[in-house]
file target_6.cif (mmCIF, C-alpha atoms and all ligand atoms)
data_work
#
loop_
_atom_site.label_atom_id
_atom_site.label_comp_id
_atom_site.auth_asym_id
_atom_site.auth_seq_id
_atom_site.Cartn_x
_atom_site.Cartn_y
_atom_site.Cartn_z
CA MET A 1 100.70 146.90 165.64
CA ARG A 2 99.38 150.43 165.09
CA VAL A 3 98.84 151.28 161.43
CA THR A 4 97.33 154.66 160.59
CA THR A 5 97.70 154.83 156.86
CA ALA A 6 94.26 153.74 155.69
CA SER A 7 92.98 157.11 154.56
CA TYR A 8 96.00 158.07 152.48
CA ARG A 9 95.88 157.91 148.71
CA GLN A 10 98.57 156.32 146.52
CA SER A 11 99.83 159.75 145.53
CA ASP A 12 100.44 160.68 149.17
CA THR A 13 103.94 162.04 149.59
CA ARG A 14 103.99 161.65 153.36
CA THR A 15 106.47 159.41 155.07
CA PHE A 16 106.01 156.93 157.89
CA THR A 17 108.14 155.61 160.66
CA LEU A 18 108.23 151.83 160.98
CA VAL A 19 109.04 150.74 164.52
CA VAL A 20 110.72 147.36 164.26
CA VAL A 21 112.26 144.77 166.58
CA GLY A 22 113.91 141.44 165.83
CA LEU A 23 116.53 142.57 163.33
CA GLY A 24 120.26 142.05 163.69
CA ILE A 25 122.11 139.42 165.66
CA GLY A 26 122.52 138.70 169.36
CA LYS A 27 121.45 141.54 171.64
CA GLN A 28 120.74 143.76 168.63
CA ARG A 29 117.61 141.68 167.93
CA GLN A 30 115.90 143.09 171.00
CA ALA A 31 116.71 146.66 170.08
CA GLU A 32 113.94 148.80 168.61
CA LYS A 33 114.80 150.22 165.23
CA HIS A 34 113.03 153.05 163.40
CA PHE A 35 112.85 153.25 159.60
CA ILE A 36 111.52 156.20 157.65
CA VAL A 37 109.64 155.02 154.57
CA PRO A 38 107.61 156.88 151.91
CA PHE A 39 103.98 155.80 151.57
CA SER A 40 104.59 154.19 148.18
CA GLN A 41 107.24 151.91 149.68
CA LEU A 42 105.38 151.00 152.83
CA GLN A 43 103.98 147.59 151.90
CA VAL A 44 107.15 146.39 150.25
CA SER A 45 109.21 147.60 153.24
CA ILE A 46 107.00 145.74 155.68
CA ARG A 47 107.24 142.57 153.58
CA LEU A 48 111.00 142.85 153.41
CA ILE A 49 111.44 143.49 157.12
CA THR A 50 109.23 140.58 158.11
CA SER A 51 111.00 138.31 155.61
CA LYS A 52 114.22 139.12 157.46
CA GLY A 53 112.71 138.15 160.83
CA GLY A 54 111.76 141.69 161.90
CA LYS A 55 108.52 142.34 163.78
CA ILE A 56 106.68 145.59 163.01
CA LYS A 57 105.57 147.15 166.30
CA ALA A 58 104.01 150.27 164.79
CA VAL A 59 103.57 152.25 161.60
CA ILE A 60 103.27 155.91 162.48
CA PRO A 61 102.88 158.93 160.22
CA TYR A 62 106.28 160.56 160.42
CA SER A 63 105.09 163.79 162.06
CA GLU A 64 103.59 161.81 164.97
CA ALA A 65 106.68 159.73 165.56
CA THR A 66 108.98 160.65 168.37
CA PRO A 67 112.37 161.63 167.00
CA ALA A 68 114.57 158.58 167.23
CA THR A 69 117.64 157.14 165.68
CA THR A 70 116.54 155.89 162.28
CA SER A 71 118.19 153.37 160.01
CA ASN A 72 117.73 151.90 156.59
CA VAL A 73 115.58 148.87 155.98
CA PRO A 74 117.98 145.91 155.53
CA SER A 75 117.92 146.18 151.77
CA ALA A 76 118.44 149.82 150.90
CA SER A 77 116.11 149.36 147.96
CA VAL A 78 112.95 150.16 149.88
CA THR A 79 113.67 153.09 152.13
CA THR A 80 113.77 156.73 151.57
CA PRO A 81 117.23 157.89 152.51
CA VAL A 82 115.87 161.09 153.98
CA ASN A 83 116.23 161.27 157.70
CA GLN A 84 113.89 164.13 158.46
CA SER A 85 114.86 164.11 162.10
CA ALA A 86 118.28 165.43 161.08
CA PRO A 87 118.62 169.12 161.92
CA PRO A 88 118.12 171.35 158.88
CA ALA A 89 121.40 172.38 157.31
CA LYS A 90 120.60 176.07 157.39
CA SER A 91 119.79 176.17 161.07
CA GLY A 92 123.47 176.69 161.80
CA HIS A 93 123.60 179.62 159.38
CA ALA A 94 121.34 182.16 161.05
CA ASP A 95 124.06 184.81 161.04
CA VAL A 96 124.77 184.68 157.31
CA PRO A 97 125.14 188.24 156.00
CA VAL A 98 122.64 189.35 153.35
CA ASN A 99 122.06 192.57 151.44
CA LEU A 100 124.73 194.59 153.19
CA TYR A 101 124.89 196.70 150.03
CA LYS A 102 121.82 197.54 147.96
CA PRO A 103 121.65 198.77 144.35
CA LYS A 104 120.96 202.38 145.41
CA GLU A 105 124.11 202.44 147.52
CA PRO A 106 126.43 199.74 146.21
CA PHE A 107 129.87 199.00 147.53
CA ILE A 108 132.59 200.24 145.20
CA GLY A 109 135.17 197.49 144.81
CA THR A 110 138.52 197.83 143.05
CA VAL A 111 139.68 195.20 140.58
CA LEU A 112 142.91 193.61 141.73
CA GLU A 113 143.32 190.90 139.13
CA ASN A 114 141.50 189.62 136.05
CA TYR A 115 142.89 186.59 134.25
CA SER A 116 141.71 183.76 132.01
CA LEU A 117 140.98 180.40 133.60
CA LEU A 118 141.13 178.56 130.30
CA ALA A 119 143.98 176.65 128.71
CA PRO A 120 144.92 177.14 125.05
CA GLY A 121 142.36 175.62 122.69
CA ALA A 122 139.41 176.11 125.06
CA ILE A 123 136.00 177.21 123.85
CA GLY A 124 134.79 180.69 124.87
CA ARG A 125 136.10 182.97 127.53
CA VAL A 126 136.04 182.44 131.31
CA ASN A 127 137.89 184.74 133.71
CA HIS A 128 138.74 184.81 137.38
CA ILE A 129 138.32 188.33 138.74
CA ILE A 130 139.42 189.47 142.19
CA PHE A 131 138.09 192.62 143.85
CA ASP A 132 139.51 194.50 146.80
CA LEU A 133 136.90 195.03 149.52
CA SER A 134 138.96 197.39 151.69
CA GLY A 135 137.15 200.32 153.21
CA GLY A 136 133.76 198.66 153.42
CA ASN A 137 131.77 196.08 155.28
CA LEU A 138 131.09 193.52 152.56
CA ARG A 139 131.25 190.16 154.31
CA TYR A 140 130.08 186.87 152.84
CA VAL A 141 130.24 183.12 153.28
CA GLU A 142 130.80 180.22 150.91
CA GLY A 143 127.88 179.55 148.58
CA GLN A 144 126.56 183.12 148.38
CA SER A 145 126.36 185.44 145.36
CA ILE A 146 126.90 189.13 144.77
CA GLY A 147 125.36 191.57 142.32
CA ILE A 148 127.42 193.55 139.83
CA ILE A 149 126.07 196.71 138.23
CA PRO A 150 127.94 197.23 134.98
CA ASP A 151 128.93 200.76 133.99
CA GLY A 152 126.90 202.49 131.33
CA THR A 153 123.24 202.57 130.35
CA ASP A 154 120.82 200.26 128.61
CA ALA A 155 119.00 200.85 125.32
CA SER A 156 116.49 203.17 127.02
CA GLY A 157 119.24 205.27 128.59
CA LYS A 158 118.71 203.92 132.11
CA PRO A 159 121.57 202.59 134.26
CA HIS A 160 122.10 198.87 133.74
CA LYS A 161 120.44 196.50 136.18
CA LEU A 162 122.56 194.29 138.39
CA ARG A 163 123.52 190.73 137.40
CA LEU A 164 124.16 188.07 140.00
CA TYR A 165 127.40 186.09 140.17
CA SER A 166 128.27 183.20 142.48
CA ILE A 167 131.17 184.06 144.73
CA ALA A 168 134.21 181.93 143.85
CA SER A 169 136.38 182.69 146.90
CA THR A 170 135.94 181.65 150.50
CA ARG A 171 135.10 184.25 153.14
CA HIS A 172 138.85 184.69 153.63
CA GLY A 173 139.49 185.58 149.98
CA ASP A 174 142.02 183.93 147.68
CA ASP A 175 144.94 185.51 149.54
CA LEU A 176 143.42 184.61 152.94
CA LYS A 177 143.59 188.24 154.05
CA ASP A 178 139.84 188.61 154.57
CA ASN A 179 139.37 191.61 152.30
CA THR A 180 138.87 190.35 148.77
CA ILE A 181 136.14 188.59 146.80
CA SER A 182 136.53 186.61 143.58
CA LEU A 183 134.21 185.73 140.72
CA CYS A 184 134.36 183.20 137.91
CA VAL A 185 132.71 184.76 134.88
CA ARG A 186 131.94 183.36 131.46
CA GLN A 187 131.46 185.91 128.73
CA LEU A 188 128.00 185.45 127.23
CA GLN A 189 128.26 185.45 123.47
CA TYR A 190 125.73 184.36 120.90
CA GLU A 191 124.84 184.89 117.27
CA LYS A 192 121.72 186.76 116.24
CA ASP A 193 120.81 187.66 112.64
CA GLY A 194 124.40 187.02 111.59
CA GLU A 195 125.77 189.30 114.29
CA THR A 196 127.76 188.34 117.40
CA ILE A 197 126.05 189.65 120.53
CA ASN A 198 128.15 190.07 123.69
CA GLY A 199 126.44 189.92 127.08
CA VAL A 200 126.53 193.33 128.79
CA CYS A 201 127.78 192.52 132.27
CA SER A 202 129.83 189.41 131.52
CA THR A 203 131.73 191.30 128.81
CA PHE A 204 132.15 194.29 131.13
CA LEU A 205 133.69 191.97 133.74
CA CYS A 206 135.85 189.90 131.39
CA ASP A 207 137.29 193.10 129.88
CA ILE A 208 137.82 194.96 133.13
CA LYS A 209 141.33 196.09 134.07
CA PRO A 210 143.06 196.08 137.47
CA GLY A 211 142.45 199.37 139.24
CA ALA A 212 138.92 199.79 137.82
CA LYS A 213 136.08 200.53 140.25
CA VAL A 214 133.01 198.30 140.20
CA LYS A 215 129.57 198.61 141.82
CA ILE A 216 128.87 195.57 143.98
CA THR A 217 125.67 194.64 145.84
CA GLY A 218 124.78 191.86 148.27
CA PRO A 219 125.76 189.36 149.32
CA VAL A 220 122.63 187.28 148.68
CA GLY A 221 121.56 183.68 148.86
CA LYS A 222 121.18 180.98 151.46
CA GLU A 223 120.37 178.10 149.11
CA MET A 224 123.95 176.96 148.52
CA LEU A 225 125.41 177.25 151.99
CA LEU A 226 127.75 174.53 153.15
CA PRO A 227 126.70 172.60 156.26
CA ALA A 228 128.75 173.57 159.29
CA ASP A 229 129.20 169.87 160.14
CA GLU A 230 132.80 168.87 159.35
CA THR A 231 131.72 165.26 158.93
CA ALA A 232 128.98 165.93 156.37
CA ASN A 233 129.26 164.40 152.90
CA VAL A 234 129.04 166.75 149.96
CA ILE A 235 128.22 165.69 146.41
CA MET A 236 128.77 168.49 143.90
CA LEU A 237 127.43 168.58 140.34
CA ALA A 238 128.85 171.49 138.37
CA THR A 239 129.00 172.60 134.77
CA GLY A 240 131.06 175.56 133.57
CA THR A 241 131.02 178.53 135.93
CA GLY A 242 128.74 176.50 138.21
CA ILE A 243 132.05 175.45 139.70
CA ALA A 244 132.29 178.81 141.55
CA PRO A 245 130.46 177.78 144.76
CA MET A 246 132.08 174.33 144.64
CA ARG A 247 135.49 175.97 144.53
CA THR A 248 134.65 177.82 147.73
CA TYR A 249 133.60 174.59 149.47
CA LEU A 250 136.66 172.70 148.29
CA ARG A 251 139.05 175.45 149.30
CA ARG A 252 137.42 175.58 152.72
CA MET A 253 137.68 171.81 153.01
CA PHE A 254 141.14 171.13 151.62
CA GLU A 255 143.29 174.22 151.01
CA PRO A 256 145.99 174.08 153.68
CA GLY A 257 145.88 177.84 154.39
CA GLU A 258 142.10 177.66 154.82
CA ARG A 259 142.33 174.72 157.18
CA ALA A 260 144.86 176.63 159.24
CA LYS A 261 142.52 179.63 159.40
CA ASN A 262 139.44 177.60 160.33
CA PRO A 263 140.21 175.41 163.35
CA GLU A 264 136.44 174.97 163.79
CA TYR A 265 136.11 173.41 160.32
CA GLN A 266 138.50 170.53 159.71
CA PHE A 267 136.54 168.69 157.05
CA ARG A 268 136.65 164.92 157.38
CA GLY A 269 133.54 163.80 155.51
CA LYS A 270 133.44 162.72 151.89
CA ALA A 271 133.38 165.29 149.11
CA TRP A 272 132.73 164.22 145.53
CA LEU A 273 132.90 166.69 142.65
CA PHE A 274 131.35 165.90 139.27
CA MET A 275 132.54 168.52 136.80
CA GLY A 276 131.20 168.91 133.28
CA ALA A 277 133.13 170.81 130.60
CA PRO A 278 133.29 170.64 126.80
CA THR A 279 137.07 170.14 126.58
CA THR A 280 139.96 169.49 128.97
CA ALA A 281 141.13 173.03 128.26
CA ASN A 282 137.79 174.28 129.64
CA LEU A 283 138.17 172.60 133.03
CA LEU A 284 138.26 175.32 135.69
CA TYR A 285 140.59 175.24 138.73
CA ASP A 286 141.55 171.71 137.66
CA ASP A 287 145.10 171.83 139.09
CA ASP A 288 143.79 172.80 142.53
CA PHE A 289 141.25 170.00 142.54
CA ASN A 290 143.87 167.46 141.44
CA ARG A 291 146.08 168.70 144.27
CA TYR A 292 143.26 168.25 146.80
CA GLN A 293 142.71 164.75 145.47
CA SER A 294 146.34 163.78 146.04
CA GLY A 295 146.41 165.48 149.44
CA PHE A 296 143.11 164.03 150.71
CA PRO A 297 142.54 160.79 148.77
CA ASP A 298 140.14 159.42 151.41
CA ASN A 299 138.03 162.57 151.52
CA PHE A 300 137.91 163.94 147.99
CA ARG A 301 136.87 162.35 144.75
CA TYR A 302 136.93 164.21 141.44
CA THR A 303 135.04 162.88 138.42
CA LYS A 304 135.09 164.72 135.11
CA ALA A 305 132.71 164.57 132.15
CA ILE A 306 134.40 166.09 129.13
CA SER A 307 131.72 166.08 126.49
CA ARG A 308 133.76 166.63 123.35
CA GLU A 309 136.56 164.25 124.29
CA GLN A 310 134.95 161.38 126.18
CA THR A 311 132.16 159.07 125.08
CA ASN A 312 129.33 157.68 127.16
CA PRO A 313 128.43 153.96 127.10
CA SER A 314 126.04 154.55 124.15
CA GLY A 315 128.84 156.12 122.12
CA GLY A 316 127.52 159.67 122.51
CA ARG A 317 129.14 162.64 124.22
CA MET A 318 129.95 162.23 127.89
CA TYR A 319 127.87 164.70 129.88
CA ILE A 320 127.69 165.10 133.63
CA GLN A 321 124.38 163.20 133.74
CA ASP A 322 126.14 160.21 132.13
CA ARG A 323 128.58 160.24 135.04
CA VAL A 324 125.69 160.44 137.47
CA THR A 325 124.18 157.37 135.80
CA GLU A 326 127.55 155.59 135.87
CA TYR A 327 127.98 156.11 139.61
CA ALA A 328 124.28 155.98 140.53
CA GLN A 329 124.64 153.15 143.04
CA GLU A 330 127.36 154.92 144.99
CA ILE A 331 125.61 158.28 144.81
CA PHE A 332 122.40 156.82 146.19
CA ARG A 333 124.25 154.91 148.86
CA MET A 334 125.71 158.23 149.96
CA ILE A 335 122.34 159.99 149.79
CA GLU A 336 120.93 157.38 152.17
CA ASP A 337 123.20 158.88 154.80
CA PRO A 338 121.35 161.85 156.34
CA LYS A 339 124.67 163.67 156.51
CA THR A 340 124.92 163.82 152.71
CA HIS A 341 124.13 167.03 150.85
CA VAL A 342 123.92 167.39 147.08
CA TYR A 343 124.74 170.67 145.34
CA MET A 344 124.03 171.42 141.70
CA CYS A 345 125.15 174.60 139.96
CA GLY A 346 125.56 175.72 136.37
CA LEU A 347 123.49 176.50 133.32
CA ARG A 348 119.79 175.79 133.71
CA GLY A 349 120.01 173.33 130.82
CA MET A 350 121.80 170.82 133.05
CA GLU A 351 118.73 170.21 135.24
CA PRO A 352 116.61 167.92 133.01
CA GLY A 353 119.59 165.65 132.29
CA ILE A 354 120.47 165.32 135.98
CA ASP A 355 116.84 164.79 136.85
CA LYS A 356 116.54 161.99 134.30
CA ALA A 357 119.73 160.35 135.57
CA MET A 358 118.54 160.59 139.18
CA THR A 359 115.11 159.22 138.21
CA GLU A 360 116.71 156.17 136.57
CA ALA A 361 119.19 155.69 139.39
CA ALA A 362 116.45 155.92 142.01
CA ALA A 363 114.23 153.50 140.07
CA ALA A 364 117.07 150.97 139.99
CA LYS A 365 116.94 151.05 143.81
CA GLY A 366 113.15 150.82 143.91
CA LEU A 367 112.79 154.50 144.75
CA ASP A 368 110.75 157.24 143.14
CA TRP A 369 112.87 160.33 142.53
CA SER A 370 109.83 162.58 142.13
CA GLU A 371 108.93 161.71 145.74
CA LEU A 372 112.44 161.67 147.04
CA ARG A 373 113.65 165.00 145.64
CA PRO A 374 111.08 167.14 147.51
CA GLN A 375 111.92 165.23 150.68
CA LEU A 376 115.61 165.91 150.23
CA LYS A 377 114.78 169.53 149.50
CA LYS A 378 112.65 169.75 152.65
CA ALA A 379 115.45 168.23 154.67
CA GLU A 380 117.71 170.96 153.17
CA ARG A 381 120.01 168.40 151.59
CA TRP A 382 119.30 169.13 147.90
CA HIS A 383 120.68 172.50 146.84
CA VAL A 384 120.23 173.86 143.34
CA GLU A 385 121.35 177.10 141.74
CA THR A 386 121.07 177.21 137.97
CA TYR A 387 120.88 180.22 135.67
C1 LIG B 401 122.33 183.11 141.26
C2 LIG B 401 123.09 183.35 139.97
C3 LIG B 401 124.45 183.10 139.97
C4 LIG B 401 125.17 183.30 138.78
N1 LIG B 401 126.50 183.04 138.80
C5 LIG B 401 127.24 183.22 137.68
C6 LIG B 401 128.63 182.94 137.69
O1 LIG B 401 129.21 182.54 138.71
N2 LIG B 401 129.31 183.14 136.54
C7 LIG B 401 128.71 183.57 135.39
O2 LIG B 401 129.39 183.73 134.38
N3 LIG B 401 127.38 183.82 135.37
C8 LIG B 401 126.64 183.68 136.47
N4 LIG B 401 125.30 183.98 136.46
C9 LIG B 401 124.70 184.54 135.23
C10 LIG B 401 124.83 186.08 135.23
O3 LIG B 401 124.01 186.63 136.23
C11 LIG B 401 124.42 186.72 133.92
O4 LIG B 401 123.11 186.30 133.59
C12 LIG B 401 125.32 186.40 132.75
O5 LIG B 401 126.65 186.83 133.02
C13 LIG B 401 124.85 187.12 131.48
O6 LIG B 401 124.72 188.48 131.77
P1 LIG B 401 125.11 189.57 130.66
O7 LIG B 401 124.82 190.91 131.21
O8 LIG B 401 126.46 189.33 130.13
O9 LIG B 401 124.10 189.20 129.51
P2 LIG B 401 122.88 190.13 129.01
O10 LIG B 401 123.39 191.28 128.22
O11 LIG B 401 122.01 190.41 130.16
O12 LIG B 401 122.18 189.13 128.01
C14 LIG B 401 121.44 188.06 128.51
C15 LIG B 401 120.25 187.91 127.63
O13 LIG B 401 120.67 187.57 126.32
C16 LIG B 401 119.72 186.71 125.73
N5 LIG B 401 120.41 185.50 125.28
C17 LIG B 401 121.30 184.78 126.00
N6 LIG B 401 121.75 183.74 125.28
C18 LIG B 401 121.11 183.82 124.08
C19 LIG B 401 121.13 183.03 122.93
N7 LIG B 401 121.91 181.95 122.80
N8 LIG B 401 120.33 183.39 121.88
C20 LIG B 401 119.55 184.48 121.96
N9 LIG B 401 119.48 185.27 123.06
C21 LIG B 401 120.25 184.93 124.09
C22 LIG B 401 118.68 186.41 126.77
O14 LIG B 401 117.59 187.26 126.52
C23 LIG B 401 119.34 186.79 128.06
O15 LIG B 401 118.43 187.22 129.02
C24 LIG B 401 124.54 183.76 137.61
C25 LIG B 401 123.17 183.99 137.64
C26 LIG B 401 122.45 183.79 138.80
C27 LIG B 401 120.98 184.04 138.80
#

call {"tool": "encode", "arguments": {"input": "target_6.cif", "output": "structure tokens"}}
result
Amino acid sequence: MRVTTASYRQSDTRTFTLVVVGLGIGKQRQAEKHFIVPFSQLQVSIRLITSKGGKIKAVIPYSEATPATTSNVPSASVTTPVNQSAPPAKSGHADVPVNLYKPKEPFIGTVLENYSLLAPGAIGRVNHIIFDLSGGNLRYVEGQSIGIIPDGTDASGKPHKLRLYSIASTRHGDDLKDNTISLCVRQLQYEKDGETINGVCSTFLCDIKPGAKVKITGPVGKEMLLPADETANVIMLATGTGIAPMRTYLRRMFEPGERAKNPEYQFRGKAWLFMGAPTTANLLYDDDFNRYQSGFPDNFRYTKAISREQTNPSGGRMYIQDRVTEYAQEIFRMIEDPKTHVYMCGLRGMEPGIDKAMTEAAAAKGLDWSELRPQLKKAERWHVETY
């Protein structure tokens, strides 16, 4: 057996390939299996494999190992689920358009529609805004963002700077005619010194009327792109307007008109949306997602965390991280599959809660999330956009 780990410290984040024979039944026992294991799990993995009758032929630093079909150690509790031999997700996205329009020469879009996405009784203001892109060359794909330059000037008399917004429509637009783009915008509003302050650009957009002209830049962003693989699994964690990119994925996956337009993308993996909102009335695009769930029950799962209406097991408010904790076993089982991608989008404040939930969930499986997350990131399977 070749073991080349001696010089690595405990804090080493490298991974190793265990080359194993003797597992399985019948002819399978002769077959060589490869397991990718983080350094911290190496000893326990070896013990577990040998206890199940496996013979370790070699332990090779991952970079030295020849790419091979890898599997999980018999008990999932000791392996990293990251298959680094899987092709990076972005490799299929080399032709993604970026920065077609820059702030000095923005595209001028025309507002077609602007309507509220909230039901009566909801908190705040969130609108869906559709722009006409006719007459230009503004192309984009699901998961990208655009910049909006609001009209007017700032306190020092200079033109306002652009604000980024996640695109909420697929590349084909909501009407599938390939010449519109949609946004999902929450009006920023907060109290300061007894005064209500309205965010400049979000208020500009929420108030805008059909027919108005708007300066648009971009598109930008490659972090949130959807894998081209129709059999990939996609776990989505969204709060509030963080649903925008998820809406684009789900429309591409399940909207009948989209499926008809994209013969090359007939999604048949598993998609699982976790959506966090304060009240039922604040759920965004809920009817569409329910429709996808009834139309594709084997492919789409929709789990809601409604903080002011539902309670978590400790009796507190139900946040998205509580749902992650609730379904931790299933989430991690999915993450073990190298075809699974996780997307997180919403207010920056959601990150620590999700991180804590993932840390606990990983620990319950004998894994260290602080080691695992960078590996998932490196494998381009952990996608985060918070603001
Ligand atoms: C990649 C990306 C994607 C985004 N996607 C979306 C999206 O899809 N939908 C969406 O609605 N937004 C999105 N945003 C956020 C968006 O870009 C703007 O930041 C947001 O709309 C606020 O801009 P504004 O001009 O209205 O606010 P501004 O007038 O710029 O005010 C914002 C400033 O107000 C201050 N402030 C904010 N809250 C408080 C508070 N509670 N107390 C005191 N001061 C405060 C802060 O200084 C903050 O910088 C995204 C951001 C990024 C980076």

call {"tool": "atom_distance", "arguments": {"input": "target_6.cif", "atom1": "atom CA of Lys215 of chain A", "atom2": "atom C20 of ligand LIG 401 (chain B)"}}
result
26.4 Å

call {"tool": "axis_aligned_box", "arguments": {"input": "target_6.cif", "around": "ligand LIG 401 (chain B)", "padding_each_side": "4 Å", "output": "lines of an AutoDock Vina configuration file"}}
result
center_x = 123.5
center_y = 186.6
center_z = 131.6
size_x = 19.8
size_y = 17.3
size_z = 27.4

call {"tool": "closest_atom_pairs", "arguments": {"input": "target_6.cif", "of": "chain A", "to": "ligand LIG 401 (chain B)", "cutoff": "7 Å", "atoms": "all atoms listed in the file", "output": "CSV"}}
result
residue,atom,partner,partner_atom,distance
A:Ser145,CA,B:LIG401,C3,6.2
A:Arg163,CA,B:LIG401,O3,4.3
A:Leu164,CA,B:LIG401,O3,4.0
A:Tyr165,CA,B:LIG401,N1,3.5
A:Ser166,CA,B:LIG401,O1,3.9
A:Ile167,CA,B:LIG401,O1,6.5
A:Leu183,CA,B:LIG401,O1,6.3
A:Cys184,CA,B:LIG401,N2,5.2
A:Val185,CA,B:LIG401,O2,3.5
A:Arg186,CA,B:LIG401,O2,3.9
A:Gln187,CA,B:LIG401,O8,6.2
A:Leu188,CA,B:LIG401,O8,5.1
A:Gln189,CA,B:LIG401,N6,7.0
A:Tyr190,CA,B:LIG401,N7,4.9
A:Glu191,CA,B:LIG401,N8,6.6
A:Lys192,CA,B:LIG401,C20,6.5
A:Asn198,CA,B:LIG401,O10,6.7
A:Gly199,CA,B:LIG401,O8,3.1
A:Val200,CA,B:LIG401,O10,3.8
A:Cys201,CA,B:LIG401,O7,3.5
A:Ser202,CA,B:LIG401,O8,3.6
A:Thr203,CA,B:LIG401,O8,5.8
A:Thr241,CA,B:LIG401,N2,5.0
A:Gly242,CA,B:LIG401,O1,6.1
A:Ala244,CA,B:LIG401,O1,5.6
A:Glu385,CA,B:LIG401,C1,6.1
A:Thr386,CA,B:LIG401,C2,6.8
A:Tyr387,CA,B:LIG401,C25,4.8

call {"tool": "residues_around", "arguments": {"input": "target_6.cif", "residues": "Asp151 of chain A", "least_positions_apart": "2", "cutoff": "8 Å", "atoms": "all atoms listed in the file", "output": "PyMOL selection string"}}
result
chain A and resi 149+153+159-160+204+214

call {"tool": "write_last_selection", "arguments": {"input": "target_6.cif", "atoms": "C-alpha atoms", "output": "CSV table (one decimal), in the coordinates of the input"}}
result
chain,number,residue,atom,x,y,z
A,149,ILE,CA,126.1,196.7,138.2
A,153,THR,CA,123.2,202.6,130.4
A,159,PRO,CA,121.6,202.6,134.3
A,160,HIS,CA,122.1,198.9,133.7
A,204,PHE,CA,132.2,194.3,131.1
A,214,VAL,CA,133.0,198.3,140.2

call {"tool": "closest_residue", "arguments": {"input": "target_6.cif", "among": "A:Ile243, A:Leu42, A:Ile130, A:Leu138", "to": "Met344 of chain A", "atoms": "all atoms listed in the file"}}
result
A:Ile243

call {"tool": "closest_residue", "arguments": {"input": "target_6.cif", "among": "A:Arg47, A:Asp193, A:Gly54, A:Phe131", "to": "His34 of chain A", "atoms": "all atoms listed in the file"}}
result
A:Gly54

call {"tool": "atom_distance", "arguments": {"input": "target_6.cif", "atom1": "atom CA of Ser45 of chain A", "atom2": "atom CA of Thr325 of chain A"}}
result
25.0 Å

call {"tool": "closest_atom_pairs", "arguments": {"input": "target_6.cif", "of": "segment 211-303 of chain A", "to": "segment 102-115 of chain A", "cutoff": "9 Å", "atoms": "only C-alpha atoms", "output": "tab-separated table"}}
result
residue	atom	partner	partner_atom	distance
A:Gly211	CA	A:Val111	CA	5.2
A:Ala212	CA	A:Val111	CA	5.4
A:Lys213	CA	A:Thr110	CA	4.6
A:Val214	CA	A:Gly109	CA	5.2
A:Lys215	CA	A:Ile108	CA	4.8
A:Ile216	CA	A:Phe107	CA	5.0
A:Thr217	CA	A:Pro106	CA	5.2
A:Gly218	CA	A:Lys102	CA	6.4

call {"tool": "closest_residue", "arguments": {"input": "target_6.cif", "among": "A:Ile335, A:Asp287, A:Ala238, A:Met318", "to": "Arg348 of chain A", "atoms": "all atoms listed in the file"}}
result
A:Ala238

call {"tool": "residues_around", "arguments": {"input": "target_6.cif", "residues": "Lys222 of chain A", "least_positions_apart": "2", "cutoff": "7 Å", "atoms": "only C-alpha atoms", "output": "list of chain:residue names"}}
result
A:Gln144, A:Met224, A:Leu225

call {"tool": "closest_residue", "arguments": {"input": "target_6.cif", "among": "A:Lys161, A:Lys57, A:Lys339, A:Arg323", "to": "Gln310 of chain A", "atoms": "all atoms listed in the file"}}
result
A:Arg323
